[in-house]
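Participant: So here's work34.txt, just compact mmCIF, C-alpha atoms and all ligand atoms:
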```txt
# COMPACT_ATOMS: atom_id res chain seq x y z
CA MET A 1 -9.33 16.91 -11.57
CA ARG A 2 -6.83 14.29 -12.71
CA ALA A 3 -5.54 11.55 -10.46
CA ALA A 4 -3.56 8.32 -10.81
CA VAL A 5 -5.91 5.63 -9.53
CA CYS A 6 -4.83 2.12 -8.55
CA TYR A 7 -7.77 -0.28 -9.04
CA GLY A 8 -6.17 -3.37 -7.48
CA ALA A 9 -2.98 -4.80 -6.03
CA GLY A 10 -0.24 -4.91 -8.61
CA GLU A 11 -2.22 -3.12 -11.32
CA PRO A 12 -0.77 -0.18 -13.24
CA LEU A 13 -2.25 3.19 -12.34
CA ARG A 14 -4.90 4.80 -14.51
CA VAL A 15 -4.61 8.53 -14.87
CA GLU A 16 -8.20 9.75 -15.12
CA GLU A 17 -10.64 12.47 -14.16
CA ILE A 18 -12.11 12.05 -10.67
CA THR A 19 -14.05 14.42 -8.45
CA VAL A 20 -12.84 15.90 -5.19
CA ALA A 21 -15.27 17.16 -2.57
CA PRO A 22 -14.83 20.60 -1.01
CA PRO A 23 -13.24 20.61 2.44
CA LYS A 24 -15.57 20.20 5.41
CA GLN A 25 -15.11 21.45 8.96
CA GLY A 26 -11.47 21.29 10.03
CA GLU A 27 -10.28 20.24 6.57
CA VAL A 28 -8.10 21.83 3.93
CA ARG A 29 -8.03 21.35 0.16
CA ILE A 30 -4.56 21.57 -1.34
CA ALA A 31 -3.53 22.05 -4.96
CA VAL A 32 -0.67 19.56 -5.16
CA GLY A 33 2.58 20.99 -6.49
CA ALA A 34 4.80 17.96 -5.91
CA CYS A 35 4.37 14.45 -4.55
CA ALA A 36 7.37 12.19 -3.99
CA ILE A 37 7.07 8.42 -4.38
CA CYS A 38 7.84 6.48 -1.19
CA GLN A 39 8.35 2.74 -0.72
CA SER A 40 5.19 2.71 1.40
CA ASP A 41 3.16 3.72 -1.66
CA LEU A 42 4.72 0.79 -3.52
CA HIS A 43 3.92 -1.59 -0.64
CA TYR A 44 0.31 -0.38 -0.62
CA MET A 45 -0.16 -0.68 -4.39
CA SER A 46 1.58 -4.07 -4.66
CA GLY A 47 -0.64 -5.59 -1.97
CA ALA A 48 2.27 -6.18 0.44
CA TRP A 49 0.15 -4.72 3.23
CA PRO A 50 -3.02 -6.84 3.31
CA GLY A 51 -6.39 -5.21 3.85
CA ARG A 52 -5.71 -1.86 2.21
CA PRO A 53 -8.74 -0.73 0.21
CA PHE A 54 -8.91 -0.21 -3.57
CA PRO A 55 -9.47 1.71 -5.74
CA ALA A 56 -7.04 4.13 -4.20
CA VAL A 57 -4.88 7.10 -5.00
CA CYS A 58 -1.55 6.77 -3.17
CA GLY A 59 1.13 9.40 -2.63
CA HIS A 60 1.74 10.82 0.83
CA GLU A 61 4.78 13.10 0.48
CA VAL A 62 3.04 16.23 -0.68
CA ALA A 63 3.80 19.92 -0.97
CA GLY A 64 1.45 22.40 -2.59
CA THR A 65 -0.68 25.46 -2.03
CA VAL A 66 -3.91 25.82 -0.08
CA ALA A 67 -6.90 25.99 -2.45
CA ASP A 68 -9.61 26.43 0.19
CA CYS A 69 -10.30 25.74 3.84
CA GLY A 70 -13.30 24.27 5.60
CA HIS A 71 -15.08 25.93 8.51
CA GLY A 72 -12.99 26.37 11.62
CA VAL A 73 -9.56 26.29 10.01
CA ALA A 74 -7.77 29.40 11.26
CA GLU A 75 -4.14 28.39 10.78
CA HIS A 76 -4.09 28.12 6.96
CA ARG A 77 -5.24 30.49 4.20
CA GLU A 78 -5.87 30.18 0.49
CA GLY A 79 -2.59 30.51 -1.38
CA ASP A 80 -0.36 29.43 1.53
CA ARG A 81 2.51 27.14 0.52
CA VAL A 82 2.26 24.03 2.66
CA LEU A 83 3.50 20.52 3.27
CA VAL A 84 1.01 17.65 3.72
CA SER A 85 1.88 14.57 5.76
CA LEU A 86 -0.04 11.39 6.60
CA ILE A 87 0.32 12.21 10.31
CA ARG A 88 -3.15 13.21 11.44
CA ALA A 89 -4.11 14.34 14.94
CA CYS A 90 -7.62 14.12 16.36
CA GLY A 91 -6.35 16.04 19.40
CA GLN A 92 -8.52 13.97 21.74
CA CYS A 93 -7.10 10.44 21.97
CA ARG A 94 -4.53 9.38 24.56
CA TYR A 95 -1.70 9.45 21.98
CA CYS A 96 -2.49 12.95 20.75
CA LYS A 97 -2.72 14.14 24.36
CA ALA A 98 0.70 12.57 25.00
CA GLY A 99 2.19 14.46 22.03
CA ALA A 100 2.45 11.26 19.98
CA SER A 101 0.05 12.18 17.18
CA TYR A 102 1.89 9.81 14.83
CA LEU A 103 0.00 7.10 16.77
CA CYS A 104 -3.38 8.88 16.77
CA GLU A 105 -6.28 6.46 17.09
CA GLY A 106 -9.03 9.02 16.81
CA SER A 107 -11.58 8.76 14.07
CA LEU A 108 -12.27 11.71 11.82
CA PRO A 109 -15.01 12.29 9.23
CA LEU A 110 -12.33 11.84 6.54
CA ASP A 111 -11.87 8.24 7.65
CA LYS A 112 -15.54 7.43 7.04
CA GLU A 113 -16.61 9.59 4.11
CA ALA A 114 -14.63 9.54 0.91
CA ARG A 115 -13.67 12.86 -0.64
CA PHE A 116 -12.66 11.27 -3.97
CA HIS A 117 -15.07 9.58 -6.43
CA ASN A 118 -14.40 8.30 -9.93
CA GLY A 119 -16.46 8.93 -13.07
CA LYS A 120 -18.80 6.03 -12.20
CA GLY A 121 -19.47 7.54 -8.78
CA GLU A 122 -17.44 4.89 -6.97
CA VAL A 123 -15.47 5.74 -3.85
CA VAL A 124 -11.75 6.25 -4.45
CA HIS A 125 -9.73 5.94 -1.24
CA GLN A 126 -7.01 8.39 -0.30
CA GLY A 127 -4.23 5.87 0.26
CA LEU A 128 -2.10 6.51 3.35
CA ARG A 129 -4.51 9.28 4.35
CA THR A 130 -3.31 11.61 1.64
CA GLY A 131 -3.83 10.65 -2.01
CA GLY A 132 -1.15 12.92 -3.43
CA PHE A 133 -0.91 11.38 -6.90
CA ALA A 134 -3.72 13.79 -7.78
CA GLU A 135 -4.07 17.43 -8.68
CA GLN A 136 -5.82 18.10 -5.37
CA VAL A 137 -6.19 16.47 -1.98
CA VAL A 138 -8.54 17.11 0.94
CA VAL A 139 -6.90 16.45 4.29
CA HIS A 140 -7.37 17.28 7.95
CA ALA A 141 -5.82 20.60 8.98
CA SER A 142 -3.50 18.77 11.41
CA GLN A 143 -1.76 17.17 8.41
CA VAL A 144 -0.78 20.54 6.98
CA VAL A 145 2.27 22.64 7.91
CA GLY A 146 3.24 26.00 6.42
CA LEU A 147 6.36 26.34 4.29
CA PRO A 148 8.68 29.29 3.66
CA ASP A 149 8.46 30.99 0.24
CA ASP A 150 12.00 30.11 -0.80
CA LEU A 151 11.86 26.33 -0.44
CA PRO A 152 10.94 24.63 -3.76
CA LEU A 153 7.85 22.42 -3.39
CA GLU A 154 9.58 19.36 -4.83
CA GLN A 155 12.25 19.61 -2.12
CA ALA A 156 9.67 20.37 0.56
CA SER A 157 7.66 17.25 -0.36
CA LEU A 158 10.54 15.06 0.83
CA LEU A 159 10.16 16.46 4.34
CA ALA A 160 6.69 14.91 4.66
CA CYS A 161 7.85 11.34 5.18
CA GLY A 162 11.30 10.12 4.10
CA VAL A 163 13.36 12.90 5.68
CA LEU A 164 11.04 13.23 8.68
CA THR A 165 11.23 9.48 9.35
CA GLY A 166 14.97 9.04 8.83
CA VAL A 167 16.20 12.11 10.68
CA GLY A 168 13.52 11.66 13.33
CA ALA A 169 14.63 8.07 13.99
CA VAL A 170 18.04 9.44 14.98
CA ILE A 171 17.13 12.64 16.77
CA ASN A 172 13.71 11.88 18.30
CA ALA A 173 13.70 8.10 18.76
CA ALA A 174 17.36 7.22 19.42
CA LYS A 175 18.32 10.64 20.83
CA LEU A 176 21.77 9.84 19.49
CA GLU A 177 24.59 11.55 21.36
CA ALA A 178 27.52 13.16 19.54
CA GLY A 179 30.62 11.03 19.29
CA ARG A 180 28.78 7.69 19.32
CA SER A 181 29.08 5.24 16.46
CA ALA A 182 26.21 4.46 14.12
CA ALA A 183 25.43 1.97 11.37
CA VAL A 184 22.53 2.28 8.95
CA ILE A 185 21.35 -0.93 7.31
CA GLY A 186 19.56 -0.15 4.07
CA VAL A 187 20.43 3.31 2.73
CA GLY A 188 17.33 3.86 0.58
CA GLY A 189 14.88 6.71 1.02
CA VAL A 190 14.60 6.43 4.81
CA GLY A 191 18.09 5.03 5.49
CA VAL A 192 19.93 7.79 3.70
CA ASN A 193 18.10 10.21 5.97
CA CYS A 194 19.15 8.18 9.02
CA VAL A 195 22.69 8.79 7.72
CA GLN A 196 21.94 12.53 7.44
CA GLY A 197 20.44 12.53 10.93
CA ALA A 198 23.44 10.71 12.38
CA ALA A 199 25.79 13.24 10.77
CA ILE A 200 23.71 16.15 12.07
CA ALA A 201 23.75 14.61 15.56
CA GLY A 202 27.53 14.22 15.44
CA ALA A 203 27.89 10.43 15.21
CA GLU A 204 31.33 9.07 14.35
CA PRO A 205 31.88 6.76 12.53
CA ILE A 206 28.73 6.42 10.41
CA ILE A 207 28.69 3.12 8.54
CA ALA A 208 26.32 2.73 5.58
CA ILE A 209 25.42 -0.88 4.74
CA ASP A 210 23.45 -2.00 1.70
CA THR A 211 23.26 -4.75 -0.89
CA GLU A 212 23.37 -2.09 -3.63
CA PRO A 213 26.72 -0.28 -3.70
CA ALA A 214 25.18 2.17 -6.18
CA LYS A 215 23.52 3.83 -3.19
CA PHE A 216 26.82 4.53 -1.44
CA GLU A 217 27.64 7.70 -3.32
CA LEU A 218 24.57 9.48 -1.94
CA ALA A 219 25.12 7.95 1.51
CA ARG A 220 28.67 9.33 1.57
CA LEU A 221 27.42 12.71 0.38
CA CYS A 222 24.96 12.67 3.29
CA GLY A 223 27.68 11.93 5.84
CA ALA A 224 28.57 8.22 5.84
CA THR A 225 32.23 7.75 6.78
CA HIS A 226 32.26 4.11 5.64
CA ALA A 227 30.17 2.11 3.18
CA LEU A 228 30.02 -1.68 3.26
CA ASP A 229 28.38 -4.21 0.96
CA ALA A 230 25.86 -6.24 2.97
CA ARG A 231 26.69 -9.32 0.88
CA ASP A 232 30.33 -9.29 1.98
CA GLU A 233 31.10 -12.43 4.00
CA ASN A 234 33.40 -10.47 6.27
CA LEU A 235 30.92 -7.67 6.96
CA VAL A 236 30.67 -8.21 10.73
CA GLU A 237 34.48 -8.37 11.05
CA ALA A 238 34.80 -5.18 9.01
CA VAL A 239 32.38 -3.33 11.30
CA MET A 240 34.21 -4.65 14.37
CA GLU A 241 37.49 -3.41 12.95
CA ILE A 242 36.06 0.06 12.27
CA THR A 243 34.68 0.26 15.83
CA GLY A 244 37.78 -1.04 17.61
CA GLY A 245 36.18 -4.42 18.30
CA ILE A 246 33.21 -3.15 20.32
CA GLY A 247 30.45 -2.93 17.71
CA VAL A 248 28.25 0.07 16.98
CA ASP A 249 26.33 2.06 19.56
CA TYR A 250 23.32 2.67 17.33
CA VAL A 251 22.05 0.53 14.49
CA PHE A 252 19.27 1.97 12.33
CA VAL A 253 17.46 -0.67 10.32
CA ALA A 254 15.81 0.90 7.30
CA ALA A 255 15.51 -2.25 5.20
CA GLY A 256 12.29 -4.18 5.61
CA ASN A 257 13.67 -7.70 5.74
CA ALA A 258 14.51 -10.12 8.54
CA GLN A 259 18.19 -10.46 7.59
CA ALA A 260 18.72 -6.73 8.06
CA MET A 261 17.44 -6.89 11.65
CA GLU A 262 19.43 -10.06 12.37
CA LEU A 263 22.55 -8.34 11.05
CA GLY A 264 21.75 -5.32 13.21
CA GLY A 265 21.77 -7.54 16.28
CA GLU A 266 25.20 -8.89 15.35
CA LEU A 267 26.70 -5.45 14.90
CA LEU A 268 25.33 -3.91 18.09
CA ALA A 269 27.71 -3.06 20.96
CA LYS A 270 27.00 -3.61 24.65
CA LEU A 271 24.55 -0.92 25.80
CA GLY A 272 23.73 -0.46 22.12
CA CYS A 273 20.37 0.54 20.70
CA MET A 274 18.82 -0.90 17.54
CA VAL A 275 16.16 1.32 15.98
CA ILE A 276 13.73 -0.23 13.50
CA ALA A 277 12.93 2.77 11.37
CA SER A 278 10.95 1.53 8.38
CA LEU A 279 7.83 -0.58 8.20
CA PRO A 280 8.48 -4.10 6.84
CA PRO A 281 5.86 -5.98 4.83
CA ALA A 282 3.52 -8.25 6.82
CA GLY A 283 5.06 -11.52 8.00
CA VAL A 284 8.68 -10.41 8.36
CA THR A 285 9.95 -12.22 11.48
CA PRO A 286 13.65 -11.86 12.31
CA ARG A 287 15.37 -14.30 14.64
CA ILE A 288 16.75 -12.33 17.55
CA GLN A 289 18.46 -14.16 20.40
CA PRO A 290 17.23 -12.53 23.62
CA ARG A 291 20.22 -13.87 25.56
CA PHE A 292 22.44 -11.45 23.66
CA VAL A 293 20.01 -8.58 24.19
CA VAL A 294 20.08 -9.30 27.94
CA ASN A 295 23.78 -10.06 28.28
CA LYS A 296 24.73 -6.95 26.36
CA ASN A 297 22.07 -4.78 27.98
CA GLN A 298 20.79 -3.65 24.62
CA THR A 299 17.65 -1.85 23.55
CA ILE A 300 15.53 -2.53 20.49
CA ILE A 301 13.00 0.15 19.62
CA GLY A 302 10.59 0.88 16.83
CA THR A 303 9.85 4.35 15.53
CA LYS A 304 6.85 5.31 13.47
CA MET A 305 7.20 8.36 11.19
CA GLY A 306 10.39 9.32 13.02
CA THR A 307 8.48 9.79 16.30
CA ALA A 308 7.79 13.20 14.81
CA SER A 309 5.66 16.17 15.66
CA LEU A 310 4.94 18.01 12.42
CA ALA A 311 4.70 21.40 14.10
CA ARG A 312 8.04 20.95 15.86
CA ASP A 313 10.04 18.91 13.36
CA VAL A 314 9.19 20.38 9.94
CA PRO A 315 10.39 23.91 10.86
CA ARG A 316 13.45 22.35 12.52
CA LEU A 317 14.30 20.40 9.36
CA ILE A 318 13.83 23.52 7.23
CA GLU A 319 16.23 25.36 9.53
CA MET A 320 18.81 22.56 9.19
CA HIS A 321 18.45 22.80 5.41
CA ARG A 322 18.96 26.59 5.56
CA GLU A 323 22.13 26.07 7.57
CA GLY A 324 23.42 23.66 4.93
CA ARG A 325 23.29 20.67 7.29
CA LEU A 326 20.37 18.85 5.64
CA LYS A 327 20.45 17.92 1.97
CA LEU A 328 17.21 17.95 -0.04
CA ALA A 329 17.89 18.75 -3.71
CA GLU A 330 20.50 15.98 -3.76
CA LEU A 331 17.82 13.46 -2.71
CA ILE A 332 15.79 13.94 -5.89
CA ALA A 333 16.52 11.43 -8.66
CA ALA A 334 13.97 12.72 -11.19
CA ARG A 335 10.92 14.94 -11.62
CA GLN A 336 8.12 13.54 -13.76
CA PRO A 337 4.59 14.64 -14.69
CA LEU A 338 1.53 12.66 -13.56
CA ASP A 339 1.18 11.09 -17.02
CA GLN A 340 4.50 9.31 -16.48
CA ILE A 341 3.66 7.97 -13.05
CA ASN A 342 3.82 4.28 -14.02
CA GLU A 343 7.34 4.79 -15.38
CA ALA A 344 8.29 6.75 -12.25
CA ILE A 345 6.93 3.98 -10.02
CA ALA A 346 8.85 1.33 -11.95
CA GLU A 347 12.04 3.35 -11.46
CA ALA A 348 11.31 3.98 -7.78
CA GLY A 349 10.70 0.25 -7.33
CA LYS A 350 14.32 -0.45 -8.13
CA GLY A 351 15.06 0.87 -4.65
CA ALA A 352 17.52 3.67 -5.33
CA ALA A 353 18.18 6.06 -2.46
CA ALA A 354 17.01 9.20 -4.22
CA ARG A 355 13.33 9.98 -4.70
CA HIS A 356 11.23 10.25 -7.84
CA VAL A 357 8.94 13.23 -7.55
CA ILE A 358 5.70 13.73 -9.47
CA VAL A 359 5.39 17.43 -10.27
CA PHE A 360 2.25 19.35 -11.23
CA ASP A 361 1.98 22.61 -13.18
ZN ZN A 401 6.52 7.51 3.06
ZN ZN A 402 -5.60 11.37 18.24
```
Starting from the coordinates I provided, produce the structure as structure tokens.
Facilitator:
Amino acid sequence: MRAAVCYGAGEPLRVEEITVAPPKQGEVRIAVGACAICQSDLHYMSGAWPGRPFPAVCGHEVAGTVADCGHGVAEHREGDRVLVSLIRACGQCRYCKAGASYLCEGSLPLDKEARFHNGKGEVVHQGLRTGGFAEQVVVHASQVVGLPDDLPLEQASLLACGVLTGVGAVINAAKLEAGRSAAVIGVGGVGVNCVQGAAIAGAEPIIAIDTEPAKFELARLCGATHALDARDENLVEAVMEITGGIGVDYVFVAAGNAQAMELGGELLAKLGCMVIASLPPAGVTPRIQPRFVVNKNQTIIGTKMGTASLARDVPRLIEMHREGRLKLAELIAARQPLDQINEAIAEAGKGAAARHVIVFD
């Protein structure tokens, strides 16, 4: 099968024939229909996260159809339309038992034995536990969730990470209450879904903040009531004016830089909650003054993968989409075949809010 292999940090991908092993016990092989490009793939391939192995096939926002199942997989059948996420549950560790499988520490055969090999017989890693820039992936059954027949795979792929993380940050992590104010700093792939989540939860106002005003159109479409340029000298004053001088109740930081988190601290109201919703590159260290956090009785929390449970949250998101409350088609900037993946990655690297999706025949 064909896959886009990254042989080293910063190198362009090589689209080549590699082999994929059949699924073993508890595993599923998926014929990939669509794989969206996420900033995390770009961080992996650029070397921003040290220690990630190469060669690797990235891509972790996958939707496709089940090709075959390993022994012991009862919940999926050949031909089923499914979503594949990087969230993997061993079912045995303390985090899985606590319902927090996004933090699973269990070790699975997939973590030790490669399922991808290149033409020279070398191991090719499935980056971010998925490897979706390939015609097929082999993943653990816990990473796979069924999809309805009427949801296009390219839209469904977005649910695997960007939408799950952004909406989950609001609904699962912050448990935002209707009528509270929210600001989202960085309205890219995750941030625009924090905006959607805040709108779904009934936040008012919802302030989108970014250094790229080009992203504001999509943020407004997704429910932002205000959009402010992060480079504006009077940004803090503008937010205070919008919120009647008290600051915002919830700040969602979806930009991976220290300034975004420092700004979040400045905007936060008393009793406010700042949610760090996207994973910054290694070494990002914001300056937060604890005296303000204490004096204003604030909370700062992190959320990984939207604190999501795939089995609970994916059907819930699909229902929201059915009801017209969650936008998906609007989040797609372009569809491109695997052969154009380097161009798609270059475009995605410009940081627009909408996703580039690699589509397979
Ligand atoms: Zn992602
Ligand atoms: Zn586990």
Participant: Scan for residues within 10 Å of the point (16.4, 0.0, 10.5) in the coordinates of the file, using only C-alpha atoms, and reply as a PyMOL selection string.
Facilitator: chain A and resi 166+169+183-187+190-191+194+251-257+260-261+264+274-280+301-303
Participant: What do you get as JSON, numbers by chain if you pick all residues at most 12 Å from ligand ZN 401 (chain A), counting all atoms listed in the file?
Facilitator: {"A": [35, 36, 37, 38, 39, 40, 41, 42, 43, 44, 58, 59, 60, 61, 62, 84, 85, 86, 87, 127, 128, 129, 130, 131, 132, 157, 158, 159, 160, 161, 162, 163, 164, 165, 166, 188, 189, 190, 277, 278, 279, 304, 305, 306, 355]}
Participant: For the interface of chain A with ligand ZN 402 (chain A) (cut-off 8 Å, counting all atoms listed in the file), please tabulate each contacting residue of chain A alongside its nearest pair of atoms and their separation in Å to one decimal, rows sorted by chain and increasing number, as a Markdown table.
Facilitator:
```
| residue | atom | partner | partner_atom | distance |
| --- | --- | --- | --- | --- |
| A:Arg88 | CA | A:ZN402 | ZN | 7.5 |
| A:Ala89 | CA | A:ZN402 | ZN | 4.7 |
| A:Cys90 | CA | A:ZN402 | ZN | 3.9 |
| A:Gly91 | CA | A:ZN402 | ZN | 4.9 |
| A:Gln92 | CA | A:ZN402 | ZN | 5.2 |
| A:Cys93 | CA | A:ZN402 | ZN | 4.1 |
| A:Arg94 | CA | A:ZN402 | ZN | 6.7 |
| A:Tyr95 | CA | A:ZN402 | ZN | 5.7 |
| A:Cys96 | CA | A:ZN402 | ZN | 4.3 |
| A:Lys97 | CA | A:ZN402 | ZN | 7.3 |
| A:Ser101 | CA | A:ZN402 | ZN | 5.8 |
| A:Leu103 | CA | A:ZN402 | ZN | 7.2 |
| A:Cys104 | CA | A:ZN402 | ZN | 3.6 |
| A:Glu105 | CA | A:ZN402 | ZN | 5.1 |
| A:Gly106 | CA | A:ZN402 | ZN | 4.4 |
| A:Ser107 | CA | A:ZN402 | ZN | 7.7 |
```
Participant: Return the single residue from A:Gln289, A:Ala173, A:Ala333, A:Asn118 that is closest to Leu218 in chain A, with distances computed using all atoms listed in the file.
Facilitator: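 Between A:Gln289, A:Ala173, A:Ala333, A:Asn118, the residue approaching Leu218 in chain A most closely is A:Ala333.
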Participant: Taking 6 positions as the minimum chain separation for residues in the same chain, which residues sit within 8 Å of Gln196 in chain A when counting only C-alpha atoms? Answer as a PDB file with C-alpha atoms, in the frame of the given file.
Facilitator:
```pdb
ATOM      1  CA  GLY A 166      14.970   9.040   8.830  1.00  0.00           C
ATOM      2  CA  VAL A 167      16.200  12.110  10.680  1.00  0.00           C
ATOM      3  CA  CYS A 222      24.960  12.670   3.290  1.00  0.00           C
ATOM      4  CA  GLY A 223      27.680  11.930   5.840  1.00  0.00           C
ATOM      5  CA  LEU A 326      20.370  18.850   5.640  1.00  0.00           C
ATOM      6  CA  LYS A 327      20.450  17.920   1.970  1.00  0.00           C
TER       7      LYS A 327
END
```
Participant: Which residue is closest to Gly70 in chain A? Choose from A:Ala141, A:Ala114, A:Val123, A:Ala4 and count all atoms listed in the file.
Facilitator: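 Checking each candidate against Gly70 in chain A, we get A:Ala141 as the closest.
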Participant: So, with only C-alpha atoms as the atoms that count, which of A:His117, A:Ala353, A:Leu147, A:Val5 lies closest to Ala208 in chain A?
Facilitator: A:Ala353
Participant: For each of A:Met1, A:Val239, A:Lys270, A:Arg312, take the minimum atom-to-atom distance to Val293 in chain A, counting only C-alpha atoms, then give the residue where this is smallest.
Facilitator: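 With only C-alpha atoms as the atom set, the closest residue is A:Lys270.
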Participant: Between A:Ser309, A:Asn172, A:Thr243, A:Gln155, which one has atoms that come closest to Ala329 in chain A, using all atoms listed in the file?
Facilitator: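 Nearest to Ala329 in chain A: A:Gln155.
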Participant: Considering all atoms listed in the file, return as a count of residues only whatever protein or nucleic-acid residues lie within 8 Å of Thr211 in chain A, sequence-local ones (same chain, fewer than 3 positions apart) excluded.
Facilitator: 4
Participant: Distance CA of His76 in chain A-CA of Ala100 in chain A, one decimal place?
Facilitator: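 CA of His76 in chain A sits 22.3 Å away from CA of Ala100 in chain A.
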Participant: State, in Å with one decimal place, the distance from CA of Ala308 in chain A to CA of Val195 in chain A.
Facilitator: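 CA of Val195 in chain A lies at a distance of 17.1 Å from CA of Ala308 in chain A.
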Participant: Under the rule that all atoms listed in the file are counted, which of A:Asp339, A:Asp232, A:Glu319, A:Glu17 is the nearest residue to Lys120 in chain A?
Facilitator: A:Glu17
Participant: At what distance in Å, to one decimal, does CA of Glu204 in chain A lie from CA of Asn234 in chain A?
Facilitator: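 So the answer is 21.2 Å.
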Participant: Write out as a count of residues only the residues lying within 10 Å of Ala311 in chain A, counting all atoms listed in the file and excluding same-chain residues fewer than 4 positions away.
Facilitator: 7
